[in-house]
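Here the structure is laid out as structure tokens; the discussion comes afterwards.
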Amino acid sequence: MRMGNIVSAVNDIVWNPALVGLLILAGLYLSFRTRFVQVRKFSTMLRSLLSKGGSDKGISSFEAFCIALSGRVGTGNIVGVATAIAFGGPGAVFWMWVVAFFGASTAFVESTLAQIYKFPHHSGYRGGPFSFIEKGLGLRWLGVVFAIVTVIGTGVFLPTVQANGVSTAIQNSFPVEPLVSGIALALVLGLVIIGGVKRIAKVATIVTPFMAAGYILISLVVVAFHYQDVPAVLGAIFRGAFGMDAACGGIIGSTIAMGVKRGIFSNEAGQGTGAIVSASADVPHPAQQGLAQAFSVYVDTLLVCTATALMILTSGTYNIFGPGGEVLYSGAPELANNYVNYTQSAVDSVFAGFGRQFVSVAMVFFAFSTIMAYYFYAESSIIYLLHGKAEKIAIRVLQALMLAAVIFGAVREADVVWQLGDIGVGLMAWITVISILILCPKALSALKEYEKK
């Protein structure tokens with residue numbers, strides 16, 4: 001059996017309909033239990049984000065926000081959105097919005113729990129799902145399982161996705177071979193991750209806001225040039241979401257599944273990675289960090305992912321494929337699985353000759369910052385698992401494996417790489433969501449206490 005077939009079979013098992021339903025229902029349940037904290041406390045989210053904090057014991061709330069956002073804003077915002085449209089049609093965008101809205105409450109709960117159950121380390125506070133699973137549920141073995149899955153998922157599988165997006169985008173725009181771009185990305189990444197959490201935080205606070213703002217600004221210009229198509233695109237999104245579109249009515253299952261998968265892959269709500277960063281923040285109250293992380297979900301999906309979707313859909317530079325690979329709609333310059341080309345062509349529709357280069361540069365920044373965050377997640381998991389000399393050796397091995405994964409991902413075919421990433425996300429989501437549903441009363445108590453103060 002080919003590697004691609006094996007990976008696809010495992011991916012189908014992990015991402016079965018039960019997980020999709022669980023993620024949506026968890027977001028609904030936690031939204032009601034928190035009385036829609038993602039709406040009620042929107043202004044408090046911004047104040048929490050900008051409040052002072054940070055010390056030798058941990059990073060500030062804003063630094064944690066930027067690291068988590070750098071993990072969320074990656075190639076999933078460009079290639080992932082294009083992939084969702086290719087296999088789910090415009091309606092997949094609606095389900096990405098749904099996941100983001102309800103996922104904000106999930107992000108609040110998991111990040112608040114991470115703050116409650118964080119533990120000290122010489123490099124600063126650490127923690128995450130593995131910590132609250134052990135201390136809150138009393139299941140050390142499950143915490144270990146989650147940490148191991150996180151090391152493999154964020155240290156090996158997910159970096160391949162980001163690197164593949166970068167190499168594809170660069171090859172579309174410049175005469176650079178994938179292997180060369182992969183090695184270059186690995187070298188720059190190595191300079192940052194060797195410096196530890198403080199260097200990662202400093203780089204994230206500079207790169208992440210700059211790249212997100214620049215990308216959204218360009219997208220607004222592109223959509224403005226196609227303003228007459230915006231009403232029709234919004235209509236297609238809502239019709240497609242419920243299978244009422246004539247061309248995409250037969251793929252409603254893929255529409256929902258792709259929207260949810262790509263939404264979770266992008267905003268990471270319920271995956272547990274945002275909680276790992278939140279545990280490292282030195283803030284006055286656990287709920288404060290939970291609110292800051294809830295806001296990062298909005299920025300990722302409702303702003304950056306929507307920017308990509310509207311650019312592609314208003315420009316018409318996309319294809320839609322049916323279950324058997326048949327073409328339901330053809331608007332992209334080529335029919336191959338070069339999904340980043342959808343976004344590049346959309347920008348080219350306004351900035352002729354500039355779109356490919358701009359998206360390639362954006363992909364480099366997005367992917368670099370995301371892999372940087374992935375390293376933080378994996379390193380924190382190792383710190384939970386090991387101590388002393390074993391910890392130091394494991395971290396060095398992790399650094400070597402991650403850099404090798406970046407180079408490997410740059411030269412592999414996109415479909416296999418994306419499915420490897422999906423497996424890592426799915427396994428982490430299964431464990432995290434079930435755990436936070438059980439422990440959510442702790443987060444609710446923290447929220448009530450914070451509101452009284």
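Lettering and numbering for the structure tokens are positional, with chains as A, B, ... in the shown order, residues counted from 1 in each chain, and ligands counted from 1 in the shown order.
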If we count only C-alpha atoms and set the cut-off at 8 Å, which residues sit around Arg356 of chain A, ignoring sequence neighbours fewer than 5 positions away in its own chain? Please answer as an mmCIF file with C-alpha atoms, in the first residue's frame.
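Saved the output as selection_30.cif:
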```cif
data_model
loop_
_atom_site.group_PDB
_atom_site.id
_atom_site.type_symbol
_atom_site.label_atom_id
_atom_site.label_comp_id
_atom_site.auth_asym_id
_atom_site.auth_seq_id
_atom_site.Cartn_x
_atom_site.Cartn_y
_atom_site.Cartn_z
ATOM 1 C CA ALA A 169 4.246 29.573 -3.361
ATOM 2 C CA ASN A 172 5.078 29.670 -8.420
ATOM 3 C CA SER A 173 6.742 33.089 -8.283
ATOM 4 C CA ASN A 341 -2.351 29.608 -6.887
ATOM 5 C CA GLN A 344 -1.985 34.356 -5.981
ATOM 6 C CA SER A 345 -4.221 34.669 -9.040
ATOM 7 C CA VAL A 347 -4.176 39.263 -6.068
ATOM 8 C CA ASP A 348 -2.878 39.219 -9.659
#
```
**Report entry** Contacts of Tyr375 of chain A at 8 Å (only C-alpha atoms; same-chain gap of 5+ positions) as number ranges by chain
**Finding:** A: 154-155, 193, 399, 402
Report task. Rounded to one decimal place, report the atom CA of Pro209 of chain A-atom CA of Ser369 of chain A distance in Å. Result -> 10.9 Å
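Take the candidates A:Thr83, A:Asn164, A:Gln38, A:Ser380 and check each one against Ser280 of chain A using only C-alpha atoms; the shortest distance goes to A:Ser380.
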**Report entry** Counting only C-alpha atoms, the option among A:Ser111, A:Asn77, A:Thr208, A:Thr306 closest to Val359 of chain A
**Finding:** A:Asn77
Report summary line: Shortest contact to Ala68 of chain A, candidates A:Asp422, A:Glu379, A:Glu449, A:Asp300, atoms counted only C-alpha atoms, goes to A:Asp300
Query - Closest of A:Ala275, A:Met363, A:Leu420, A:Met311 to Ala224 of chain A - atom-to-atom distances counting only C-alpha atoms - result: A:Met311
Query raised in the report: atom CA of Asn5 of chain A and atom CA of Gln419 of chain A, how far apart in Å?
Result: 10.5 Å
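Proximity to Ile194 of chain A was assessed for A:Val14, A:Val221, A:Pro441, A:Ala400 counting only C-alpha atoms; the smallest distance is recorded for A:Ala400.
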Query raised in the report: Using only C-alpha atoms, which of the listed residues (A:Lys135, A:His285, A:Arg126, A:Lys118) sits closest to Ser445 of chain A?
Result: A:His285
Report task. From a DSSP pass on the backbone, collect the residues of segment 140-321 of chain A flagged as alpha helix (DSSP H) and hand them back as JSON, numbers by chain. Result -> {"A": [140, 141, 142, 143, 144, 145, 146, 147, 148, 149, 150, 151, 152, 158, 159, 160, 161, 162, 163, 164, 165, 166, 167, 168, 169, 170, 171, 172, 173, 178, 179, 180, 181, 182, 183, 184, 185, 186, 187, 188, 189, 190, 191, 192, 193, 196, 197, 198, 199, 200, 201, 202, 203, 204, 205, 206, 207, 208, 209, 210, 211, 212, 213, 214, 215, 216, 217, 218, 219, 220, 221, 222, 223, 224, 225, 230, 231, 232, 233, 234, 235, 236, 237, 238, 239, 240, 241, 252, 253, 254, 255, 256, 257, 258, 259, 260, 261, 262, 263, 264, 265, 266, 267, 273, 274, 275, 276, 277, 278, 286, 287, 288, 289, 290, 291, 292, 293, 294, 295, 296, 297, 306, 307, 308, 309, 310, 311, 312, 313, 314, 315]}
Query - Residues within 7 Å of segment 288-297 of chain A, only C-alpha atoms, excluding chain neighbours under 6 positions, as a ChimeraX atom specification - result: /A:38,45,48-49,61,65,69,100,104-105,107-109,111-112,267,278
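If you count only C-alpha atoms and ignore residues fewer than 4 places along the chain from segment 231-235 of chain A, what sits within 7 Å of it is Arg239, Leu313 and Thr314 of chain A.
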Report task. Excluding Phe365 of chain A and residues on its chain fewer than 2 positions from it, collect all residues at most 9 Å away from it, counting only C-alpha atoms, and give them as an MDAnalysis selection string. Result -> chainID A and resid 74 207:208 211 360:363 367:370
Deliver the residues from the most recent selection as a file, using N, CA and C atoms, as an mmCIF file, in the first residue's frame.
```
data_model
loop_
_atom_site.group_PDB
_atom_site.id
_atom_site.type_symbol
_atom_site.label_atom_id
_atom_site.label_comp_id
_atom_site.auth_asym_id
_atom_site.auth_seq_id
_atom_site.Cartn_x
_atom_site.Cartn_y
_atom_site.Cartn_z
ATOM 1 N N GLY A 74 -1.284 31.023 9.648
ATOM 2 C CA GLY A 74 -0.233 30.354 8.880
ATOM 3 C C GLY A 74 -0.714 30.035 7.486
ATOM 4 N N VAL A 207 6.744 40.325 14.180
ATOM 5 C CA VAL A 207 6.347 39.773 12.881
ATOM 6 C C VAL A 207 4.831 39.610 12.754
ATOM 7 N N THR A 208 4.165 39.067 13.780
ATOM 8 C CA THR A 208 2.759 38.690 13.655
ATOM 9 C C THR A 208 1.820 39.859 13.378
ATOM 10 N N MET A 211 2.529 41.263 9.732
ATOM 11 C CA MET A 211 2.131 40.427 8.593
ATOM 12 C C MET A 211 0.617 40.352 8.470
ATOM 13 N N SER A 360 3.637 34.914 -2.054
ATOM 14 C CA SER A 360 4.807 34.104 -1.695
ATOM 15 C C SER A 360 5.505 34.670 -0.471
ATOM 16 N N VAL A 361 5.693 35.992 -0.461
ATOM 17 C CA VAL A 361 6.332 36.635 0.690
ATOM 18 C C VAL A 361 5.454 36.487 1.930
ATOM 19 N N ALA A 362 4.132 36.676 1.766
ATOM 20 C CA ALA A 362 3.209 36.521 2.893
ATOM 21 C C ALA A 362 3.268 35.103 3.444
ATOM 22 N N MET A 363 3.331 34.121 2.548
ATOM 23 C CA MET A 363 3.414 32.726 2.968
ATOM 24 C C MET A 363 4.680 32.458 3.773
ATOM 25 N N ALA A 367 4.191 31.174 7.465
ATOM 26 C CA ALA A 367 4.690 29.840 7.788
ATOM 27 C C ALA A 367 5.806 29.892 8.814
ATOM 28 N N PHE A 368 6.706 30.853 8.664
ATOM 29 C CA PHE A 368 7.820 30.974 9.602
ATOM 30 C C PHE A 368 7.314 31.193 11.029
ATOM 31 N N SER A 369 6.392 32.135 11.185
ATOM 32 C CA SER A 369 5.878 32.425 12.527
ATOM 33 C C SER A 369 5.095 31.245 13.091
ATOM 34 N N THR A 370 4.394 30.512 12.221
ATOM 35 C CA THR A 370 3.613 29.369 12.680
ATOM 36 C C THR A 370 4.511 28.219 13.138
#
```
